[in-house]
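Source file upload-v7.cif; content: mmCIF, C-alpha atoms.
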```cif
data_structure
#
loop_
_atom_site.group_PDB
_atom_site.id
_atom_site.type_symbol
_atom_site.label_atom_id
_atom_site.label_comp_id
_atom_site.auth_asym_id
_atom_site.auth_seq_id
_atom_site.Cartn_x
_atom_site.Cartn_y
_atom_site.Cartn_z
ATOM 1 C CA MET V 546 -72.274 24.620 149.905
ATOM 2 C CA LYS V 547 -70.220 27.558 151.105
ATOM 3 C CA ASN V 548 -71.762 30.493 152.785
ATOM 4 C CA PHE V 549 -71.233 33.604 150.758
ATOM 5 C CA GLU V 550 -71.344 36.907 152.477
ATOM 6 C CA LEU V 551 -71.351 40.023 150.397
ATOM 7 C CA ASP V 552 -69.877 42.319 153.006
ATOM 8 C CA THR V 553 -66.796 40.240 153.795
ATOM 9 C CA ASN V 554 -65.721 39.199 150.294
ATOM 10 C CA LYS V 555 -63.900 41.344 147.849
ATOM 11 C CA LYS V 556 -66.168 43.193 145.444
ATOM 12 C CA ILE V 557 -65.690 42.809 141.737
ATOM 13 C CA ILE V 558 -65.262 46.009 139.808
ATOM 14 C CA SER V 559 -67.276 45.800 136.593
ATOM 15 C CA GLY V 560 -65.175 48.058 134.447
ATOM 16 C CA PHE V 561 -68.122 50.088 133.307
ATOM 17 C CA THR V 562 -67.938 53.566 134.678
ATOM 18 C CA ILE V 563 -70.182 56.531 134.126
ATOM 19 C CA PRO V 564 -68.747 59.994 133.792
ATOM 20 C CA ASP V 565 -69.741 62.493 136.434
ATOM 21 C CA ASN V 566 -73.024 64.390 135.756
ATOM 22 C CA TYR V 567 -73.820 62.032 132.856
ATOM 23 C CA PHE V 568 -77.531 61.723 133.642
ATOM 24 C CA ASP V 569 -78.018 65.423 134.413
ATOM 25 C CA ASN V 570 -78.367 66.428 130.748
ATOM 26 C CA PHE V 571 -79.063 62.973 129.269
ATOM 27 C CA SER V 572 -82.663 63.693 128.210
ATOM 28 C CA GLU V 573 -81.609 66.909 126.427
ATOM 29 C CA ARG V 574 -78.929 65.083 124.428
ATOM 30 C CA VAL V 575 -81.336 62.312 123.409
ATOM 31 C CA LEU V 576 -83.951 64.836 122.247
ATOM 32 C CA GLN V 577 -81.308 66.646 120.157
ATOM 33 C CA LYS V 578 -80.388 63.398 118.373
ATOM 34 C CA LEU V 579 -84.014 62.629 117.404
ATOM 35 C CA PRO V 580 -85.027 63.635 113.870
ATOM 36 C CA LYS V 581 -86.883 66.902 113.555
ATOM 37 C CA GLU V 582 -89.218 65.656 110.764
ATOM 38 C CA LYS V 583 -92.209 63.519 111.434
ATOM 39 C CA THR V 584 -91.811 59.985 110.199
ATOM 40 C CA LYS V 585 -94.150 58.718 107.545
ATOM 41 C CA ILE V 586 -96.654 56.240 108.945
ATOM 42 C CA ILE V 587 -97.528 53.410 106.596
ATOM 43 C CA THR V 588 -100.700 51.654 107.607
ATOM 44 C CA PHE V 589 -101.394 48.016 106.955
ATOM 45 C CA TYR V 590 -104.218 48.918 104.578
ATOM 46 C CA SER V 591 -102.124 51.216 102.397
ATOM 47 C CA ARG V 592 -99.314 48.680 102.089
ATOM 48 C CA ASN V 593 -101.653 45.902 101.023
ATOM 49 C CA LYS V 594 -104.093 47.984 99.009
ATOM 50 C CA ARG V 595 -103.331 46.047 95.833
ATOM 51 C CA TRP V 596 -104.162 42.744 97.562
ATOM 52 C CA PHE V 597 -107.455 44.120 98.870
ATOM 53 C CA TYR V 598 -108.463 45.320 95.410
ATOM 54 C CA SER V 599 -107.551 42.028 93.756
ATOM 55 C CA ALA V 600 -109.426 40.022 96.401
ATOM 56 C CA ALA V 601 -112.480 42.257 95.963
ATOM 57 C CA ALA V 602 -112.329 41.818 92.173
ATOM 58 C CA VAL V 603 -112.144 38.029 92.484
ATOM 59 C CA LEU V 604 -115.070 38.068 94.906
ATOM 60 C CA VAL V 605 -117.212 40.217 92.607
ATOM 61 C CA ILE V 606 -116.446 38.082 89.562
ATOM 62 C CA SER V 607 -117.055 34.808 91.386
ATOM 63 C CA LEU V 608 -120.430 36.041 92.632
ATOM 64 C CA SER V 609 -121.542 37.613 89.362
ATOM 65 C CA VAL V 610 -120.786 34.692 87.032
ATOM 66 C CA PRO V 611 -123.574 32.402 88.361
ATOM 67 C CA ILE V 612 -126.058 35.292 88.369
ATOM 68 C CA VAL V 613 -125.291 36.231 84.754
ATOM 69 C CA TYR V 614 -125.456 32.570 83.753
ATOM 70 C CA GLN V 615 -128.925 32.194 85.304
ATOM 71 C CA ILE V 616 -130.187 35.376 83.648
ATOM 72 C CA GLN V 617 -128.988 34.218 80.237
ATOM 73 C CA ASN V 618 -130.593 30.802 80.682
ATOM 74 C CA LYS V 619 -133.922 32.373 81.642
ATOM 75 C CA GLU V 620 -133.815 34.641 78.598
ATOM 76 C CA GLN V 621 -133.011 31.769 76.256
ATOM 77 C CA GLU V 622 -135.630 29.378 77.607
ATOM 78 C CA THR V 623 -138.752 29.620 75.535
ATOM 79 C CA THR V 624 -141.195 26.805 75.411
ATOM 80 C CA SER V 625 -143.220 25.792 72.426
ATOM 81 C CA ASN V 626 -146.368 27.004 74.202
ATOM 82 C CA GLU V 627 -144.903 30.497 74.521
ATOM 83 C CA VAL V 628 -143.976 30.595 70.844
ATOM 84 C CA GLU V 629 -147.380 29.309 69.834
ATOM 85 C CA SER V 630 -149.256 31.795 72.005
ATOM 86 C CA TYR V 631 -147.101 34.633 70.683
ATOM 87 C CA LEU V 632 -147.765 33.646 67.088
ATOM 88 C CA VAL V 633 -151.487 33.338 67.740
ATOM 89 C CA ASN V 634 -151.867 36.628 69.588
ATOM 90 C CA HIS V 635 -149.245 38.919 68.071
ATOM 91 C CA THR V 636 -148.918 38.077 64.420
ATOM 92 C CA SER V 637 -151.107 38.289 61.408
ATOM 93 C CA PHE V 638 -149.683 35.194 59.721
ATOM 94 C CA SER V 639 -152.096 32.862 58.121
ATOM 95 C CA ASP V 640 -151.564 29.143 57.854
ATOM 96 C CA ASP V 641 -150.546 29.581 54.241
ATOM 97 C CA ASP V 642 -147.827 32.073 55.207
ATOM 98 C CA VAL V 643 -146.390 29.642 57.718
ATOM 99 C CA VAL V 644 -146.431 26.798 55.193
ATOM 100 C CA ASN V 645 -144.637 28.990 52.636
ATOM 101 C CA LEU V 646 -141.845 29.630 55.155
ATOM 102 C CA LEU V 647 -141.290 25.919 55.819
ATOM 103 C CA ASP V 648 -138.827 23.803 53.867
ATOM 104 C CA GLN V 649 -139.886 20.643 52.075
ATOM 105 C CA GLU V 650 -138.205 18.570 54.809
ATOM 106 C CA ASP V 651 -140.245 20.312 57.500
ATOM 107 C CA ILE V 652 -143.456 19.712 55.594
ATOM 108 C CA GLU V 653 -142.633 16.003 55.222
ATOM 109 C CA LYS V 654 -141.954 15.759 58.951
ATOM 110 C CA LEU V 655 -145.285 17.392 59.716
ATOM 111 C CA LYS V 656 -147.105 14.929 57.453
ATOM 112 C CA ASN V 657 -145.678 12.028 59.450
ATOM 113 C CA VAL V 658 -146.890 13.387 62.779
ATOM 114 C CA ASN V 659 -149.865 11.426 64.000
ATOM 115 C CA THR V 660 -151.679 12.981 66.928
ATOM 116 C CA PRO V 661 -154.759 11.097 68.060
ATOM 117 C CA ILE V 662 -157.842 13.227 68.676
ATOM 118 C CA GLU V 663 -160.165 12.158 71.441
ATOM 119 C CA LYS V 664 -163.806 11.698 70.524
ATOM 120 C CA GLU V 665 -164.997 13.972 73.340
ATOM 121 C CA ALA V 666 -162.774 16.843 72.182
ATOM 122 C CA LEU V 667 -163.938 16.407 68.597
ATOM 123 C CA GLU V 668 -167.598 16.411 69.677
ATOM 124 C CA ASP V 669 -167.051 19.557 71.758
ATOM 125 C CA VAL V 670 -165.512 21.417 68.819
ATOM 126 C CA LEU V 671 -168.174 20.290 66.377
ATOM 127 C CA SER V 672 -171.065 21.047 68.729
ATOM 128 C CA SER V 673 -169.793 24.521 69.630
ATOM 129 C CA ASN V 674 -169.076 25.538 66.043
ATOM 130 C CA ALA V 675 -171.920 27.184 64.124
ATOM 131 C CA GLU V 676 -170.508 26.174 60.731
ATOM 132 C CA ILE V 677 -170.613 22.446 61.345
ATOM 133 C CA GLU V 678 -172.469 21.828 58.101
ATOM 134 C CA GLN V 679 -169.613 23.391 56.153
ATOM 135 C CA TYR V 680 -167.090 20.996 57.770
ATOM 136 C CA ILE V 681 -169.259 17.991 57.035
ATOM 137 C CA THR V 682 -170.082 18.873 53.435
ATOM 138 C CA THR V 683 -166.672 20.201 52.358
ATOM 139 C CA GLN V 684 -164.516 17.610 50.712
ATOM 140 C CA ASN V 685 -160.784 18.003 50.183
#
```
Now, as a test, write the supplied structure out as C-alpha cells.
Amino acid sequence: MKNFELDTNKKIISGFTIPDNYFDNFSERVLQKLPKEKTKIITFYSRNKRWFYSAAAVLVISLSVPIVYQIQNKEQETTSNEVESYLVNHTSFSDDDVVNLLDQEDIEKLKNVNTPIEKEALEDVLSSNAEIEQYITTQN
C-alpha cells in the first residue's frame, strides 16, 4: 500500500463555499423563519380516545354479562320447599281453595302419587295429636 501524506499531495477543493459572515447572523435568520404561532400538540390519548372508549365499553359489557346472568338465575331459582313454606306461612288458602285451582289433569296426577309413610312418623303424629279419637272414628 502507498503511503499517503496529506501535506505533500494536492488538496481537493469540495466546491461548497460559504459566503463571508454567513454564521454571524445565522441564528437570527433561523428564528425569523420559525412560525410565530404555537403548534398544536396532539397527545397519544386524544388521538386514540375513541379506541379507549370502545375498549372500556367491551370490558364493562364482558364483565357485567356473567354477573347479570347469575343474578337472574338466583332470582328464578325457587325450590318446592320455598313455595310450600310461603304458602303455609303467608297465605290464607285452605286445601279446598287449592283443589279448586287445580285442573282435572293435576288432580289425577296427584291421585297416582304414592308416598309411603313410615310407621314411626305416623305414631308420632297420632300420639301428639289431641284429637286422635276423631281421626280413628271418622270414616270417609
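In this model, the gap between atom CA of Gln615 of chain V and atom CA of Val603 of chain V comes to 19.2 Å.
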- Item | Straight-line distance linking atom CA of Gln577 of chain V with atom CA of Phe561 of chain V, stated in Å to one decimal | 24.9 Å
Please enclose the listed atoms of segment 598-612 of chain V in an axis-aligned box, pad each side by 3 Å, and write out the centre and the three edge lengths in Å, rounded to one decimal, as JSON.
```
{"center_x": -116.8, "center_y": 38.9, "center_z": 91.7, "size_x": 24.5, "size_y": 18.9, "size_z": 15.4}
```
- Gap from atom CA of Glu665 of chain V to atom CA of Glu627 of chain V - Å, one decimal: 26.0 Å
Just segment 583-613 of chain V from the block, N, CA, C and O atoms, as a PDB file, in the first residue's frame, could you?
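Writing done, so here's part11.pdb:
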```pdb
ATOM      1  N   LYS V 583     -47.939  29.054  18.246  1.00  0.00           N
ATOM      2  CA  LYS V 583     -47.567  27.780  18.875  1.00  0.00           C
ATOM      3  C   LYS V 583     -48.238  26.649  18.110  1.00  0.00           C
ATOM      4  O   LYS V 583     -49.393  26.753  17.706  1.00  0.00           O
ATOM      5  N   THR V 584     -47.539  25.578  17.950  1.00  0.00           N
ATOM      6  CA  THR V 584     -48.111  24.430  17.246  1.00  0.00           C
ATOM      7  C   THR V 584     -49.023  23.660  18.194  1.00  0.00           C
ATOM      8  O   THR V 584     -48.811  23.613  19.399  1.00  0.00           O
ATOM      9  N   LYS V 585     -50.037  23.086  17.615  1.00  0.00           N
ATOM     10  CA  LYS V 585     -50.989  22.302  18.393  1.00  0.00           C
ATOM     11  C   LYS V 585     -50.371  20.940  18.713  1.00  0.00           C
ATOM     12  O   LYS V 585     -49.918  20.229  17.818  1.00  0.00           O
ATOM     13  N   ILE V 586     -50.375  20.596  19.987  1.00  0.00           N
ATOM     14  CA  ILE V 586     -49.813  19.325  20.423  1.00  0.00           C
ATOM     15  C   ILE V 586     -50.944  18.316  20.539  1.00  0.00           C
ATOM     16  O   ILE V 586     -51.921  18.530  21.251  1.00  0.00           O
ATOM     17  N   ILE V 587     -50.821  17.239  19.835  1.00  0.00           N
ATOM     18  CA  ILE V 587     -51.824  16.171  19.874  1.00  0.00           C
ATOM     19  C   ILE V 587     -51.215  15.019  20.656  1.00  0.00           C
ATOM     20  O   ILE V 587     -50.246  14.398  20.223  1.00  0.00           O
ATOM     21  N   THR V 588     -51.813  14.737  21.792  1.00  0.00           N
ATOM     22  CA  THR V 588     -51.286  13.648  22.615  1.00  0.00           C
ATOM     23  C   THR V 588     -51.765  12.310  22.090  1.00  0.00           C
ATOM     24  O   THR V 588     -52.730  12.231  21.325  1.00  0.00           O
ATOM     25  N   PHE V 589     -51.124  11.281  22.528  1.00  0.00           N
ATOM     26  CA  PHE V 589     -51.498   9.927  22.124  1.00  0.00           C
ATOM     27  C   PHE V 589     -52.905   9.596  22.598  1.00  0.00           C
ATOM     28  O   PHE V 589     -53.678   8.964  21.900  1.00  0.00           O
ATOM     29  N   TYR V 590     -53.241  10.052  23.802  1.00  0.00           N
ATOM     30  CA  TYR V 590     -54.558   9.743  24.369  1.00  0.00           C
ATOM     31  C   TYR V 590     -55.665  10.414  23.573  1.00  0.00           C
ATOM     32  O   TYR V 590     -56.686   9.810  23.299  1.00  0.00           O
ATOM     33  N   SER V 591     -55.480  11.667  23.177  1.00  0.00           N
ATOM     34  CA  SER V 591     -56.548  12.361  22.471  1.00  0.00           C
ATOM     35  C   SER V 591     -56.729  11.811  21.063  1.00  0.00           C
ATOM     36  O   SER V 591     -57.840  11.831  20.537  1.00  0.00           O
ATOM     37  N   ARG V 592     -55.680  11.328  20.444  1.00  0.00           N
ATOM     38  CA  ARG V 592     -55.818  10.754  19.107  1.00  0.00           C
ATOM     39  C   ARG V 592     -56.552   9.428  19.153  1.00  0.00           C
ATOM     40  O   ARG V 592     -57.307   9.092  18.246  1.00  0.00           O
ATOM     41  N   ASN V 593     -56.343   8.667  20.180  1.00  0.00           N
ATOM     42  CA  ASN V 593     -56.931   7.327  20.265  1.00  0.00           C
ATOM     43  C   ASN V 593     -58.037   7.258  21.303  1.00  0.00           C
ATOM     44  O   ASN V 593     -58.289   6.201  21.873  1.00  0.00           O
ATOM     45  N   LYS V 594     -58.691   8.373  21.546  1.00  0.00           N
ATOM     46  CA  LYS V 594     -59.740   8.412  22.562  1.00  0.00           C
ATOM     47  C   LYS V 594     -60.888   7.458  22.208  1.00  0.00           C
ATOM     48  O   LYS V 594     -61.438   6.787  23.067  1.00  0.00           O
ATOM     49  N   ARG V 595     -61.231   7.388  20.948  1.00  0.00           N
ATOM     50  CA  ARG V 595     -62.322   6.521  20.517  1.00  0.00           C
ATOM     51  C   ARG V 595     -61.992   5.056  20.797  1.00  0.00           C
ATOM     52  O   ARG V 595     -62.842   4.275  21.214  1.00  0.00           O
ATOM     53  N   TRP V 596     -60.733   4.668  20.598  1.00  0.00           N
ATOM     54  CA  TRP V 596     -60.326   3.282  20.858  1.00  0.00           C
ATOM     55  C   TRP V 596     -60.372   2.970  22.348  1.00  0.00           C
ATOM     56  O   TRP V 596     -60.757   1.873  22.750  1.00  0.00           O
ATOM     57  N   PHE V 597     -59.968   3.944  23.178  1.00  0.00           N
ATOM     58  CA  PHE V 597     -60.020   3.728  24.621  1.00  0.00           C
ATOM     59  C   PHE V 597     -61.461   3.546  25.087  1.00  0.00           C
ATOM     60  O   PHE V 597     -61.759   2.666  25.897  1.00  0.00           O
ATOM     61  N   TYR V 598     -62.357   4.379  24.586  1.00  0.00           N
ATOM     62  CA  TYR V 598     -63.762   4.273  24.979  1.00  0.00           C
ATOM     63  C   TYR V 598     -64.371   2.953  24.521  1.00  0.00           C
ATOM     64  O   TYR V 598     -65.129   2.315  25.257  1.00  0.00           O
ATOM     65  N   SER V 599     -64.060   2.532  23.310  1.00  0.00           N
ATOM     66  CA  SER V 599     -64.633   1.268  22.829  1.00  0.00           C
ATOM     67  C   SER V 599     -64.065   0.076  23.599  1.00  0.00           C
ATOM     68  O   SER V 599     -64.784  -0.870  23.915  1.00  0.00           O
ATOM     69  N   ALA V 600     -62.783   0.126  23.935  1.00  0.00           N
ATOM     70  CA  ALA V 600     -62.193  -0.967  24.723  1.00  0.00           C
ATOM     71  C   ALA V 600     -62.790  -1.005  26.126  1.00  0.00           C
ATOM     72  O   ALA V 600     -63.079  -2.076  26.667  1.00  0.00           O
ATOM     73  N   ALA V 601     -63.033   0.171  26.707  1.00  0.00           N
ATOM     74  CA  ALA V 601     -63.648   0.216  28.038  1.00  0.00           C
ATOM     75  C   ALA V 601     -65.083  -0.318  27.981  1.00  0.00           C
ATOM     76  O   ALA V 601     -65.518  -1.033  28.885  1.00  0.00           O
ATOM     77  N   ALA V 602     -65.823   0.012  26.933  1.00  0.00           N
ATOM     78  CA  ALA V 602     -67.192  -0.483  26.800  1.00  0.00           C
ATOM     79  C   ALA V 602     -67.220  -2.000  26.658  1.00  0.00           C
ATOM     80  O   ALA V 602     -68.045  -2.677  27.285  1.00  0.00           O
ATOM     81  N   VAL V 603     -66.323  -2.546  25.869  1.00  0.00           N
ATOM     82  CA  VAL V 603     -66.256  -4.006  25.702  1.00  0.00           C
ATOM     83  C   VAL V 603     -65.904  -4.669  27.024  1.00  0.00           C
ATOM     84  O   VAL V 603     -66.470  -5.710  27.389  1.00  0.00           O
ATOM     85  N   LEU V 604     -64.987  -4.076  27.762  1.00  0.00           N
ATOM     86  CA  LEU V 604     -64.588  -4.627  29.056  1.00  0.00           C
ATOM     87  C   LEU V 604     -65.753  -4.613  30.046  1.00  0.00           C
ATOM     88  O   LEU V 604     -66.008  -5.609  30.724  1.00  0.00           O
ATOM     89  N   VAL V 605     -66.479  -3.519  30.096  1.00  0.00           N
ATOM     90  CA  VAL V 605     -67.615  -3.415  31.021  1.00  0.00           C
ATOM     91  C   VAL V 605     -68.694  -4.421  30.652  1.00  0.00           C
ATOM     92  O   VAL V 605     -69.236  -5.122  31.522  1.00  0.00           O
ATOM     93  N   ILE V 606     -69.000  -4.537  29.384  1.00  0.00           N
ATOM     94  CA  ILE V 606     -70.038  -5.481  28.953  1.00  0.00           C
ATOM     95  C   ILE V 606     -69.603  -6.914  29.223  1.00  0.00           C
ATOM     96  O   ILE V 606     -70.392  -7.733  29.712  1.00  0.00           O
ATOM     97  N   SER V 607     -68.355  -7.236  28.920  1.00  0.00           N
ATOM     98  CA  SER V 607     -67.906  -8.618  29.121  1.00  0.00           C
ATOM     99  C   SER V 607     -67.863  -8.994  30.597  1.00  0.00           C
ATOM    100  O   SER V 607     -68.029 -10.166  30.947  1.00  0.00           O
ATOM    101  N   LEU V 608     -67.651  -8.031  31.482  1.00  0.00           N
ATOM    102  CA  LEU V 608     -67.655  -8.339  32.906  1.00  0.00           C
ATOM    103  C   LEU V 608     -69.054  -8.330  33.502  1.00  0.00           C
ATOM    104  O   LEU V 608     -69.321  -9.021  34.478  1.00  0.00           O
ATOM    105  N   SER V 609     -69.967  -7.549  32.920  1.00  0.00           N
ATOM    106  CA  SER V 609     -71.297  -7.454  33.508  1.00  0.00           C
ATOM    107  C   SER V 609     -72.243  -8.565  33.064  1.00  0.00           C
ATOM    108  O   SER V 609     -73.185  -8.888  33.780  1.00  0.00           O
ATOM    109  N   VAL V 610     -72.010  -9.153  31.917  1.00  0.00           N
ATOM    110  CA  VAL V 610     -72.911 -10.210  31.426  1.00  0.00           C
ATOM    111  C   VAL V 610     -72.948 -11.413  32.374  1.00  0.00           C
ATOM    112  O   VAL V 610     -74.025 -11.872  32.742  1.00  0.00           O
ATOM    113  N   PRO V 611     -71.811 -11.963  32.821  1.00  0.00           N
ATOM    114  CA  PRO V 611     -71.896 -13.100  33.752  1.00  0.00           C
ATOM    115  C   PRO V 611     -72.538 -12.722  35.088  1.00  0.00           C
ATOM    116  O   PRO V 611     -73.257 -13.530  35.672  1.00  0.00           O
ATOM    117  N   ILE V 612     -72.313 -11.506  35.550  1.00  0.00           N
ATOM    118  CA  ILE V 612     -72.898 -11.085  36.828  1.00  0.00           C
ATOM    119  C   ILE V 612     -74.409 -10.996  36.712  1.00  0.00           C
ATOM    120  O   ILE V 612     -75.143 -11.483  37.572  1.00  0.00           O
ATOM    121  N   VAL V 613     -74.902 -10.390  35.634  1.00  0.00           N
ATOM    122  CA  VAL V 613     -76.351 -10.277  35.428  1.00  0.00           C
ATOM    123  C   VAL V 613     -76.954 -11.663  35.259  1.00  0.00           C
ATOM    124  O   VAL V 613     -78.041 -11.941  35.790  1.00  0.00           O
TER     125      VAL V 613
END
```
